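Taking it in order: structure first as structure tokens, then the write-up.
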Amino acid sequence: MSIPQQGGGPIERPEQLAEYIASGEKPEENWRIGTEHEKFGYRHSDLAPLPYDGPAGTPTVKNMLEGIRDRFGWKPVLEGEHIIGLEKNGANVSLEPGGQLELSGAPVETIHQTCDEVNGHLAEVKAVADDLGAGFIGLGAAPIWSQDQMPMMPKGRYRLMTDYMGRVGELGTQMMYRTCTVQVNLDFGSEADMVQKLRVALALQPVATALFANSPFLDGKVNGMKSWRAHIWQNLDDARTGLLPFTFESGMGYEAWVDYVLDVPMYFVYRDGKYINALGQSFRDFMKGQLPALPGEIPTLSDWADHLTTVFPEARVKKFIEMRGADGGPWRRLCALPALWVGLIYDQSALDAAWDLCRGWSAEQRNGLRVAAARDGLQGEFDGLRLHDIARDVLEIAEFGLKARGRTGAGGLVPDETHFLNALKESVDSGKAPADELLAKYRGEWNSDLSKIYGEYSY
């Protein structure tokens, strides 16, 4: 989850909210790729999740962060006296509520570069973890840990969110503490470009969910979903999740996005290093100086930037667009996710083809595919639309887009970025997502022993 935003004076005009988003517009030559992924840490000794603190040299989250800091030259990020993250060269490492370690990559030009960054980070994590007796694994949901086993990281934002999630549904705290994702952040060139990209991102997000489905276990048993993480998001908090039908209506643009976000209840206001409880309060009231949490104060652009991070639809607009529908997973798929979306939306011909593929779907069909993807993965279908067939078409478009970009790697020896799609092509060829492979092993060679997942699938 996001770290507190910095900079930005008082909001004196309502138009500043949309202008803030519009300030993210970039010419195509300046479009970048920012990949984020989360992973679960555990102790080798008993496969338990890592606590935040403990004696020096033991497997804890704090010792992991300090080890990466000291060995690889990262700058610490503190909240009070606690180290809660790291920064270096435009990238940051942060903590999810249950201690999941997240890399938010620097904005780079090519998939080659983002994959090099991911590989370098995982190598650093493994080097420190091995010395501490810890391991890390990429899955969409923690397979054997109960909610009661999960530690809480020392971040004020998470204390507030845990309380709020307990009020709005049964699955919110599972999302916070026991799920992981991989996502990519991509740029737009204009308001019209943002709208087209967002519509494609929302409509085709179920395809990403199906291709990356990787969370068929929870509480030590099969949970009935290919992506339990996606199932959680479908049953979490209607005020801030979903596929947002309004974005497909005429008049969609920056102002429409602002109106949507303004109607999402607040979580907090960040002041002087502390999170102030504003649960359920209105940013519209804040704009009037009538926020109960801070009577008489008006928000800053930093407050608006923070509030933008508290909406969780399948694709999200800030100064860029976030693709949010995929489960965390194995090493190769951390590079495949940005390749998929860059191929689809960073070449105009590919973007137009992607929009032509899905523009005729109704809101009911889009949501039906979303539900089917979580439950059945690539075998999902709704109203005559089959995710396996759609995924095949989507990959053809993405491959075309990556070839059209023609971004070379390895000093020019690799002609383009298309090979990063290979893991997804294998899924389409076989009709199986990672969850299908995990279920086959569980029912076969693992003999229902989920502890074996750590030895076979850790980074």
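Labels used: A, B, ... for chains in the order of the structure tokens, numbers from 1 for residues in each chain, and numbers from 1 for ligands as shown.
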Tell me, as a PDB file with N, CA and C atoms, in the first residue's frame, which residues lie within 12 Å of Ala141 in chain A, counting only C-alpha atoms; anything in the same chain fewer than 2 positions away does not count.
ATOM      1  N   GLU A  38       4.242  -7.862  -4.293  1.00  0.00           N
ATOM      2  CA  GLU A  38       4.286  -8.200  -2.874  1.00  0.00           C
ATOM      3  C   GLU A  38       4.603  -9.691  -2.717  1.00  0.00           C
ATOM      4  N   LYS A  39       5.157 -10.038  -1.557  1.00  0.00           N
ATOM      5  CA  LYS A  39       5.506 -11.436  -1.292  1.00  0.00           C
ATOM      6  C   LYS A  39       5.454 -11.706   0.208  1.00  0.00           C
ATOM      7  N   PHE A  40       5.176 -12.955   0.541  1.00  0.00           N
ATOM      8  CA  PHE A  40       5.083 -13.373   1.933  1.00  0.00           C
ATOM      9  C   PHE A  40       6.443 -13.833   2.442  1.00  0.00           C
ATOM     10  N   GLY A  98       0.348  -7.287   7.014  1.00  0.00           N
ATOM     11  CA  GLY A  98       0.777  -8.511   7.676  1.00  0.00           C
ATOM     12  C   GLY A  98       2.244  -8.831   7.510  1.00  0.00           C
ATOM     13  N   GLN A 100       3.914  -8.493   4.565  1.00  0.00           N
ATOM     14  CA  GLN A 100       4.284  -8.750   3.174  1.00  0.00           C
ATOM     15  C   GLN A 100       5.247  -7.653   2.715  1.00  0.00           C
ATOM     16  N   ILE A 137       7.901 -16.120  -0.616  1.00  0.00           N
ATOM     17  CA  ILE A 137       7.138 -16.863  -1.613  1.00  0.00           C
ATOM     18  C   ILE A 137       6.103 -15.949  -2.256  1.00  0.00           C
ATOM     19  N   GLY A 138       5.861 -16.138  -3.541  1.00  0.00           N
ATOM     20  CA  GLY A 138       4.891 -15.349  -4.270  1.00  0.00           C
ATOM     21  C   GLY A 138       3.620 -16.132  -4.532  1.00  0.00           C
ATOM     22  N   LEU A 139       2.551 -15.781  -3.828  1.00  0.00           N
ATOM     23  CA  LEU A 139       1.236 -16.389  -3.988  1.00  0.00           C
ATOM     24  C   LEU A 139       0.189 -15.293  -3.836  1.00  0.00           C
ATOM     25  N   PRO A 143      -1.289 -19.620   2.164  1.00  0.00           N
ATOM     26  CA  PRO A 143      -1.997 -20.907   2.063  1.00  0.00           C
ATOM     27  C   PRO A 143      -2.363 -21.562   3.384  1.00  0.00           C
ATOM     28  N   ILE A 144      -1.554 -21.383   4.430  1.00  0.00           N
ATOM     29  CA  ILE A 144      -1.813 -22.159   5.647  1.00  0.00           C
ATOM     30  C   ILE A 144      -2.018 -21.289   6.892  1.00  0.00           C
ATOM     31  N   TRP A 145      -1.667 -20.026   6.864  1.00  0.00           N
ATOM     32  CA  TRP A 145      -1.743 -19.205   8.066  1.00  0.00           C
ATOM     33  C   TRP A 145      -3.174 -18.774   8.348  1.00  0.00           C
ATOM     34  N   SER A 146      -3.546 -18.787   9.610  1.00  0.00           N
ATOM     35  CA  SER A 146      -4.842 -18.260  10.020  1.00  0.00           C
ATOM     36  C   SER A 146      -4.745 -16.752  10.222  1.00  0.00           C
ATOM     37  N   GLN A 147      -5.883 -16.101  10.289  1.00  0.00           N
ATOM     38  CA  GLN A 147      -5.886 -14.654  10.526  1.00  0.00           C
ATOM     39  C   GLN A 147      -5.240 -14.332  11.867  1.00  0.00           C
ATOM     40  N   GLN A 174      -8.739 -10.097   5.786  1.00  0.00           N
ATOM     41  CA  GLN A 174      -8.025 -11.111   4.997  1.00  0.00           C
ATOM     42  C   GLN A 174      -7.245 -10.450   3.868  1.00  0.00           C
ATOM     43  N   MET A 175      -7.896  -9.511   3.174  1.00  0.00           N
ATOM     44  CA  MET A 175      -7.215  -8.798   2.082  1.00  0.00           C
ATOM     45  C   MET A 175      -5.945  -8.135   2.584  1.00  0.00           C
ATOM     46  N   MET A 176      -6.032  -7.444   3.711  1.00  0.00           N
ATOM     47  CA  MET A 176      -4.899  -6.681   4.205  1.00  0.00           C
ATOM     48  C   MET A 176      -3.742  -7.580   4.631  1.00  0.00           C
ATOM     49  N   TYR A 177      -4.063  -8.635   5.347  1.00  0.00           N
ATOM     50  CA  TYR A 177      -3.029  -9.406   6.032  1.00  0.00           C
ATOM     51  C   TYR A 177      -2.592 -10.674   5.300  1.00  0.00           C
ATOM     52  N   ARG A 178      -3.452 -11.203   4.408  1.00  0.00           N
ATOM     53  CA  ARG A 178      -3.150 -12.526   3.854  1.00  0.00           C
ATOM     54  C   ARG A 178      -3.251 -12.594   2.332  1.00  0.00           C
ATOM     55  N   THR A 179      -3.040 -11.472   1.638  1.00  0.00           N
ATOM     56  CA  THR A 179      -3.013 -11.526   0.182  1.00  0.00           C
ATOM     57  C   THR A 179      -1.806 -10.760  -0.361  1.00  0.00           C
ATOM     58  N   CYS A 180      -1.441 -11.109  -1.585  1.00  0.00           N
ATOM     59  CA  CYS A 180      -0.352 -10.423  -2.294  1.00  0.00           C
ATOM     60  C   CYS A 180      -0.744 -10.254  -3.766  1.00  0.00           C
ATOM     61  N   THR A 181      -0.244  -9.194  -4.383  1.00  0.00           N
ATOM     62  CA  THR A 181      -0.536  -8.896  -5.769  1.00  0.00           C
ATOM     63  C   THR A 181       0.729  -8.511  -6.518  1.00  0.00           C
ATOM     64  N   ALA A 213      -4.219 -16.217 -11.813  1.00  0.00           N
ATOM     65  CA  ALA A 213      -4.885 -16.825 -10.660  1.00  0.00           C
ATOM     66  C   ALA A 213      -3.934 -17.761  -9.919  1.00  0.00           C
ATOM     67  N   ASN A 214      -3.728 -17.492  -8.630  1.00  0.00           N
ATOM     68  CA  ASN A 214      -2.666 -18.190  -7.906  1.00  0.00           C
ATOM     69  C   ASN A 214      -2.954 -18.231  -6.406  1.00  0.00           C
ATOM     70  N   SER A 215      -4.248 -18.360  -6.059  1.00  0.00           N
ATOM     71  CA  SER A 215      -4.589 -18.407  -4.631  1.00  0.00           C
ATOM     72  C   SER A 215      -5.755 -19.354  -4.380  1.00  0.00           C
ATOM     73  N   PRO A 216      -5.535 -20.652  -4.632  1.00  0.00           N
ATOM     74  CA  PRO A 216      -6.614 -21.619  -4.430  1.00  0.00           C
ATOM     75  C   PRO A 216      -6.690 -22.197  -3.020  1.00  0.00           C
ATOM     76  N   PHE A 217      -5.794 -21.749  -2.121  1.00  0.00           N
ATOM     77  CA  PHE A 217      -5.753 -22.294  -0.764  1.00  0.00           C
ATOM     78  C   PHE A 217      -5.933 -21.185   0.263  1.00  0.00           C
ATOM     79  N   LEU A 218      -6.539 -21.523   1.380  1.00  0.00           N
ATOM     80  CA  LEU A 218      -6.638 -20.639   2.540  1.00  0.00           C
ATOM     81  C   LEU A 218      -6.877 -21.504   3.766  1.00  0.00           C
ATOM     82  N   ASP A 219      -6.278 -21.133   4.877  1.00  0.00           N
ATOM     83  CA  ASP A 219      -6.461 -21.862   6.133  1.00  0.00           C
ATOM     84  C   ASP A 219      -6.112 -23.342   5.992  1.00  0.00           C
ATOM     85  N   GLY A 220      -5.130 -23.626   5.114  1.00  0.00           N
ATOM     86  CA  GLY A 220      -4.636 -24.982   4.999  1.00  0.00           C
ATOM     87  C   GLY A 220      -5.461 -25.915   4.138  1.00  0.00           C
ATOM     88  N   LYS A 221      -6.418 -25.365   3.386  1.00  0.00           N
ATOM     89  CA  LYS A 221      -7.254 -26.234   2.555  1.00  0.00           C
ATOM     90  C   LYS A 221      -7.680 -25.513   1.284  1.00  0.00           C
ATOM     91  N   VAL A 222      -8.258 -26.285   0.362  1.00  0.00           N
ATOM     92  CA  VAL A 222      -8.765 -25.712  -0.881  1.00  0.00           C
ATOM     93  C   VAL A 222      -9.942 -24.804  -0.558  1.00  0.00           C
ATOM     94  N   ASN A 223      -9.953 -23.607  -1.168  1.00  0.00           N
ATOM     95  CA  ASN A 223     -10.986 -22.625  -0.820  1.00  0.00           C
ATOM     96  C   ASN A 223     -12.111 -22.499  -1.847  1.00  0.00           C
ATOM     97  N   MET A 225     -11.887 -21.373  -4.948  1.00  0.00           N
ATOM     98  CA  MET A 225     -11.618 -20.326  -5.928  1.00  0.00           C
ATOM     99  C   MET A 225     -10.249 -20.567  -6.554  1.00  0.00           C
ATOM    100  N   LYS A 226     -10.093 -20.155  -7.811  1.00  0.00           N
ATOM    101  CA  LYS A 226      -8.757 -20.140  -8.404  1.00  0.00           C
ATOM    102  C   LYS A 226      -7.986 -18.912  -7.901  1.00  0.00           C
ATOM    103  N   SER A 227      -8.707 -17.812  -7.696  1.00  0.00           N
ATOM    104  CA  SER A 227      -8.097 -16.601  -7.116  1.00  0.00           C
ATOM    105  C   SER A 227      -8.939 -16.142  -5.932  1.00  0.00           C
ATOM    106  N   TRP A 228      -8.554 -16.603  -4.755  1.00  0.00           N
ATOM    107  CA  TRP A 228      -9.243 -16.143  -3.542  1.00  0.00           C
ATOM    108  C   TRP A 228      -9.027 -14.647  -3.343  1.00  0.00           C
ATOM    109  N   ARG A 229      -7.852 -14.158  -3.714  1.00  0.00           N
ATOM    110  CA  ARG A 229      -7.594 -12.719  -3.595  1.00  0.00           C
ATOM    111  C   ARG A 229      -8.614 -11.918  -4.397  1.00  0.00           C
ATOM    112  N   ALA A 230      -8.884 -12.342  -5.641  1.00  0.00           N
ATOM    113  CA  ALA A 230      -9.874 -11.641  -6.452  1.00  0.00           C
ATOM    114  C   ALA A 230     -11.275 -11.769  -5.847  1.00  0.00           C
ATOM    115  N   HIS A 231     -11.588 -12.933  -5.306  1.00  0.00           N
ATOM    116  CA  HIS A 231     -12.881 -13.135  -4.650  1.00  0.00           C
ATOM    117  C   HIS A 231     -13.049 -12.157  -3.486  1.00  0.00           C
ATOM    118  N   ILE A 232     -11.998 -11.952  -2.732  1.00  0.00           N
ATOM    119  CA  ILE A 232     -12.066 -10.988  -1.630  1.00  0.00           C
ATOM    120  C   ILE A 232     -12.439  -9.606  -2.142  1.00  0.00           C
ATOM    121  N   ALA A 326      -4.233  -8.752 -10.619  1.00  0.00           N
ATOM    122  CA  ALA A 326      -3.481 -10.006 -10.682  1.00  0.00           C
ATOM    123  C   ALA A 326      -2.993 -10.463  -9.304  1.00  0.00           C
ATOM    124  N   ASP A 327      -3.003 -11.780  -9.103  1.00  0.00           N
ATOM    125  CA  ASP A 327      -2.387 -12.376  -7.913  1.00  0.00           C
ATOM    126  C   ASP A 327      -0.870 -12.280  -7.993  1.00  0.00           C
ATOM    127  N   GLY A 328      -0.243 -12.171  -6.822  1.00  0.00           N
ATOM    128  CA  GLY A 328       1.195 -12.353  -6.753  1.00  0.00           C
ATOM    129  C   GLY A 328       1.564 -13.752  -7.209  1.00  0.00           C
ATOM    130  N   GLY A 329       2.806 -13.905  -7.676  1.00  0.00           N
ATOM    131  CA  GLY A 329       3.145 -15.213  -8.209  1.00  0.00           C
ATOM    132  C   GLY A 329       4.622 -15.445  -8.388  1.00  0.00           C
ATOM    133  N   ALA A 435      -2.851 -21.517 -10.448  1.00  0.00           N
ATOM    134  CA  ALA A 435      -3.703 -22.194  -9.467  1.00  0.00           C
ATOM    135  C   ALA A 435      -3.993 -23.628  -9.871  1.00  0.00           C
TER     136      ALA A 435
END
Using only C-alpha atoms, which protein or nucleic acid residues come within 8 Å of range 15-24 of chain A? Drop anything in the same chain fewer than 6 positions from it, and give the result as a PDB file with C-alpha atoms, in the first residue's frame.
ATOM      1  CA  ASP A 187       1.168   6.669 -18.066  1.00  0.00           C
ATOM      2  CA  PHE A 188      -1.356   8.491 -20.226  1.00  0.00           C
ATOM      3  CA  SER A 190      -4.203  13.204 -22.454  1.00  0.00           C
ATOM      4  CA  GLU A 191      -7.636  13.020 -20.891  1.00  0.00           C
ATOM      5  CA  TYR A 254     -10.884  13.732 -14.955  1.00  0.00           C
ATOM      6  CA  GLU A 255     -13.874  15.465 -13.358  1.00  0.00           C
ATOM      7  CA  VAL A 258     -12.793  13.259  -9.037  1.00  0.00           C
ATOM      8  CA  LEU A 301      -2.858  18.471  -2.422  1.00  0.00           C
ATOM      9  CA  TRP A 304      -5.890  14.606  -1.941  1.00  0.00           C
ATOM     10  CA  VAL A 317      -6.248   6.566 -11.672  1.00  0.00           C
ATOM     11  CA  LYS A 318      -3.792   8.837  -9.895  1.00  0.00           C
ATOM     12  CA  LYS A 319      -1.189  10.673 -11.979  1.00  0.00           C
ATOM     13  CA  PHE A 320      -0.963   7.352 -13.800  1.00  0.00           C
TER      14      PHE A 320
END
Next item on the list: Give me every strand (DSSP E) residue in range 172-335 of chain A, going by DSSP on the backbone, as number ranges by chain.
Entry: A: 181-186, 217-218, 221-222, 268-271, 274-277, 315-317, 321-327
Next item on the list: Apply DSSP to the backbone of this structure and, from range 199-339 of chain A, keep only the residues in alpha helix (DSSP H); write these as a PyMOL selection string.
Entry: chain A and resi 199-212+228-234+254-262+283-287+301-308+331-339
Neighbours of Trp74 in chain A within 9 Å (only C-alpha atoms; same-chain residues fewer than 3 positions away dropped), as a tab-separated table (two decimals) with C-alpha atoms, in the first residue's frame?
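Saved file selection.tsv follows:
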chain	number	residue	atom	x	y	z
A	68	ILE	CA	18.84	-4.90	2.99
A	69	ARG	CA	19.62	-1.35	4.10
A	70	ASP	CA	23.07	-2.18	5.42
A	71	ARG	CA	24.21	-4.61	2.72
A	86	LEU	CA	13.50	1.62	2.17
A	87	GLU	CA	14.26	3.98	-0.73
A	88	LYS	CA	16.89	3.95	-3.47
A	89	ASN	CA	17.14	5.25	-7.04
A	92	ASN	CA	10.99	1.86	-2.57
Skipping near chain neighbours, those fewer than 3 positions away, what residues fall within 10 Å of range 158-169 of chain A using only C-alpha atoms, listed as a compact mmCIF listing (two decimals) with C-alpha atoms, in the first residue's frame?
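selection-v3.txt, written as the output of this step:
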# COMPACT_ATOMS: atom_id res chain seq x y z
CA MET A 1 0.00 0.00 0.00
CA GLU A 96 1.90 -4.48 3.80
CA PRO A 97 -0.19 -4.90 6.97
CA GLY A 98 0.78 -8.51 7.68
CA MET A 152 0.42 -6.24 12.39
CA MET A 153 3.12 -3.92 11.10
CA PRO A 154 3.72 -0.71 13.14
CA LYS A 155 2.04 1.69 10.69
CA GLY A 172 -11.33 -6.90 4.48
CA THR A 173 -8.81 -7.99 7.06
CA GLN A 174 -8.02 -11.11 5.00
CA MET A 175 -7.22 -8.80 2.08
CA MET A 176 -4.90 -6.68 4.21
CA TYR A 177 -3.03 -9.41 6.03
CA ILE A 232 -12.07 -10.99 -1.63
CA ASN A 235 -16.93 -8.93 -1.63
CA LEU A 236 -15.12 -6.23 0.27
CA ASP A 237 -16.29 -2.60 0.22
CA ASP A 238 -18.64 -1.53 -2.56
CA ALA A 239 -17.86 2.13 -1.89
CA TYR A 267 -9.68 6.71 6.14
CA PHE A 268 -7.29 9.26 7.60
CA TYR A 275 -2.31 9.31 11.01
CA ILE A 276 -5.42 11.12 12.26
CA ASN A 277 -8.59 9.05 12.32
CA ALA A 278 -11.10 10.31 9.73
CA LEU A 279 -12.87 6.99 9.16
CA GLY A 280 -16.09 7.42 7.23
CA THR A 310 -7.71 4.73 -0.57
Next item on the list: Show which residues sit within 12 Å of range 410-413 of chain A, as an MDAnalysis selection string. Count only C-alpha atoms, and ignore same-chain residues fewer than 6 positions away.
Entry: chainID A and resid 110:113 115:116
Could you dump the residues just selected with N, CA and C atoms as a PDB file, in the first residue's frame?
ATOM      1  N   THR A 110      11.604   0.309 -20.251  1.00  0.00           N
ATOM      2  CA  THR A 110      11.340  -0.967 -20.922  1.00  0.00           C
ATOM      3  C   THR A 110      11.039  -2.084 -19.930  1.00  0.00           C
ATOM      4  N   ILE A 111      10.423  -3.157 -20.449  1.00  0.00           N
ATOM      5  CA  ILE A 111      10.203  -4.345 -19.618  1.00  0.00           C
ATOM      6  C   ILE A 111      11.545  -4.978 -19.245  1.00  0.00           C
ATOM      7  N   HIS A 112      12.532  -4.909 -20.130  1.00  0.00           N
ATOM      8  CA  HIS A 112      13.863  -5.422 -19.801  1.00  0.00           C
ATOM      9  C   HIS A 112      14.368  -4.784 -18.505  1.00  0.00           C
ATOM     10  N   GLN A 113      14.207  -3.478 -18.397  1.00  0.00           N
ATOM     11  CA  GLN A 113      14.702  -2.773 -17.216  1.00  0.00           C
ATOM     12  C   GLN A 113      13.895  -3.109 -15.972  1.00  0.00           C
ATOM     13  N   CYS A 115      12.291  -5.831 -15.392  1.00  0.00           N
ATOM     14  CA  CYS A 115      12.585  -7.206 -14.996  1.00  0.00           C
ATOM     15  C   CYS A 115      13.960  -7.304 -14.338  1.00  0.00           C
ATOM     16  N   ASP A 116      14.932  -6.552 -14.842  1.00  0.00           N
ATOM     17  CA  ASP A 116      16.243  -6.506 -14.185  1.00  0.00           C
ATOM     18  C   ASP A 116      16.096  -5.994 -12.755  1.00  0.00           C
TER      19      ASP A 116
END
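Counting only C-alpha atoms and comparing A:Ile84, A:Val428, A:Ala256, A:Val182, the residue that lies closest to Gly140 in chain A is A:Val182.
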What's the 10 Å shell around Gly273 in chain A, counting only C-alpha atoms, without same-chain residues fewer than 4 positions away, as an mmCIF file with C-alpha atoms, in the first residue's frame?
data_model
loop_
_atom_site.group_PDB
_atom_site.id
_atom_site.type_symbol
_atom_site.label_atom_id
_atom_site.label_comp_id
_atom_site.auth_asym_id
_atom_site.auth_seq_id
_atom_site.Cartn_x
_atom_site.Cartn_y
_atom_site.Cartn_z
ATOM 1 C CA PRO A 4 2.228 9.132 2.671
ATOM 2 C CA LEU A 78 10.783 5.609 9.385
ATOM 3 C CA GLU A 79 7.445 6.023 11.087
ATOM 4 C CA GLY A 80 8.275 7.225 14.558
ATOM 5 C CA GLY A 156 -0.715 4.023 11.839
#
Checklist line | Residue neighbourhood Ser250 in chain A, 12 Å, only C-alpha atoms, exclusion window fewer than 4 positions, as a PyMOL selection string | finding: chain A and resi 192+195-196+199+245-246+256
Got time to write the residues from that selection, N, CA and C atoms, as a PDB file, in the first residue's frame?
ATOM      1  N   ALA A 192      -8.396  12.088 -23.013  1.00  0.00           N
ATOM      2  CA  ALA A 192      -8.995  11.053 -23.858  1.00  0.00           C
ATOM      3  C   ALA A 192      -8.186   9.759 -23.816  1.00  0.00           C
ATOM      4  N   VAL A 195      -8.940   7.959 -20.597  1.00  0.00           N
ATOM      5  CA  VAL A 195     -10.246   7.310 -20.605  1.00  0.00           C
ATOM      6  C   VAL A 195     -10.196   6.000 -21.386  1.00  0.00           C
ATOM      7  N   GLN A 196      -9.590   6.011 -22.560  1.00  0.00           N
ATOM      8  CA  GLN A 196      -9.526   4.785 -23.348  1.00  0.00           C
ATOM      9  C   GLN A 196      -8.714   3.709 -22.633  1.00  0.00           C
ATOM     10  N   ARG A 199     -10.719   2.321 -19.598  1.00  0.00           N
ATOM     11  CA  ARG A 199     -11.803   1.428 -20.006  1.00  0.00           C
ATOM     12  C   ARG A 199     -11.269   0.054 -20.405  1.00  0.00           C
ATOM     13  N   PRO A 245     -18.894   1.032 -13.498  1.00  0.00           N
ATOM     14  CA  PRO A 245     -19.667   1.230 -14.729  1.00  0.00           C
ATOM     15  C   PRO A 245     -19.695   2.673 -15.231  1.00  0.00           C
ATOM     16  N   PHE A 246     -19.620   3.652 -14.341  1.00  0.00           N
ATOM     17  CA  PHE A 246     -19.690   5.056 -14.775  1.00  0.00           C
ATOM     18  C   PHE A 246     -18.553   5.424 -15.720  1.00  0.00           C
ATOM     19  N   ALA A 256     -15.111  13.396 -13.751  1.00  0.00           N
ATOM     20  CA  ALA A 256     -15.931  12.270 -13.320  1.00  0.00           C
ATOM     21  C   ALA A 256     -15.176  11.399 -12.323  1.00  0.00           C
TER      22      ALA A 256
END
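CA of Glu399 in chain A is found 7.5 Å from CA of Leu421 in chain A.
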Note to self: Restricting the calculation to only C-alpha atoms: of A:Pro59, A:Gln365, A:Tyr270, A:Leu211, which residue gets closest to Leu424 in chain A?
What the structure shows: A:Leu211
